[in-house]
Every structure is written in structure tokens, then in C-alpha cells.
Amino acid sequence: MSMLAFWMPGPWEMALIAIVALLLFGRRLPEVGRSLGKGIVEFKKGLREVQDEVTKATEEPPTKTPPPQPPTTTTTN
């Protein structure tokens, strides 16, 4: 396994990423952060709805269907 899979940026790398983001986005950075936050909230909300739906479906008792009736036979003489 490669050691790069476990690499986490240190404080200097984080500072460099922040500077690059500031240079790229400038004044729009708060707007980008706000949009990103709203997207994360919507994703979590959708995920929670799916989890609730699955939980609700697994907790509902199965509906009991009546057993099938045998066909009636009539004889006429």
C-alpha cells in the first residue's frame, strides 16, 4: 500500500491551500463557502429522509392477507 494514501496536510500545506483559495476566489470566497454549506445541509437532509423511509418500511408490520378460498363446486342433477 502506498504511503500517500495516509498523507494529511500539515499546517504549512493548509496555509498554502488557503492562500491559493483566496487568490482564486477573492471576494467570492464567503459566497462559495455559504453555497458549499447549503449543499452539505441539503445532502444531509436528503440522507436523513432516506434513512427515515427505510426505518419506517422495516418497522411496519407486514399486512396479513387472507388465505385463498378453495373453489366452490356445485353439482346439478
# chains A, B, ... in the order shown; residues from 1 in each chain; ligands from 1
call {"tool": "select_by_dssp", "arguments": {"residues": "stretch 4-59 of chain A", "states": "alpha helix (DSSP H)", "output": "JSON, numbers by chain"}}
result
{"A": [11, 12, 13, 14, 15, 16, 17, 18, 19, 20, 21, 22, 23, 24, 25, 29, 30, 31, 32, 33, 34, 35, 36, 37, 38, 39, 40, 41, 42, 43, 44, 45, 46, 47, 48, 49, 50, 51, 52, 53, 54, 55, 56, 57, 58, 59]}
call {"tool": "residues_around", "arguments": {"residues": "stretch 31-38 of chain A", "least_positions_apart": "6", "cutoff": "12 Å", "atoms": "only C-alpha atoms", "output": "short mmCIF file (atom, residue, chain, number, x, y, z; two decimals) with C-alpha atoms, in the first residue's frame"}}
result
data_model
loop_
_atom_site.label_atom_id
_atom_site.label_comp_id
_atom_site.auth_asym_id
_atom_site.auth_seq_id
_atom_site.Cartn_x
_atom_site.Cartn_y
_atom_site.Cartn_z
CA ALA A 21 -8.21 29.64 -2.48
CA LEU A 22 -8.11 33.31 -1.50
CA LEU A 24 -8.67 32.18 -6.88
CA PHE A 25 -11.97 33.21 -5.31
CA LYS A 44 -27.66 15.54 4.96
CA LYS A 45 -31.39 16.34 4.85
#
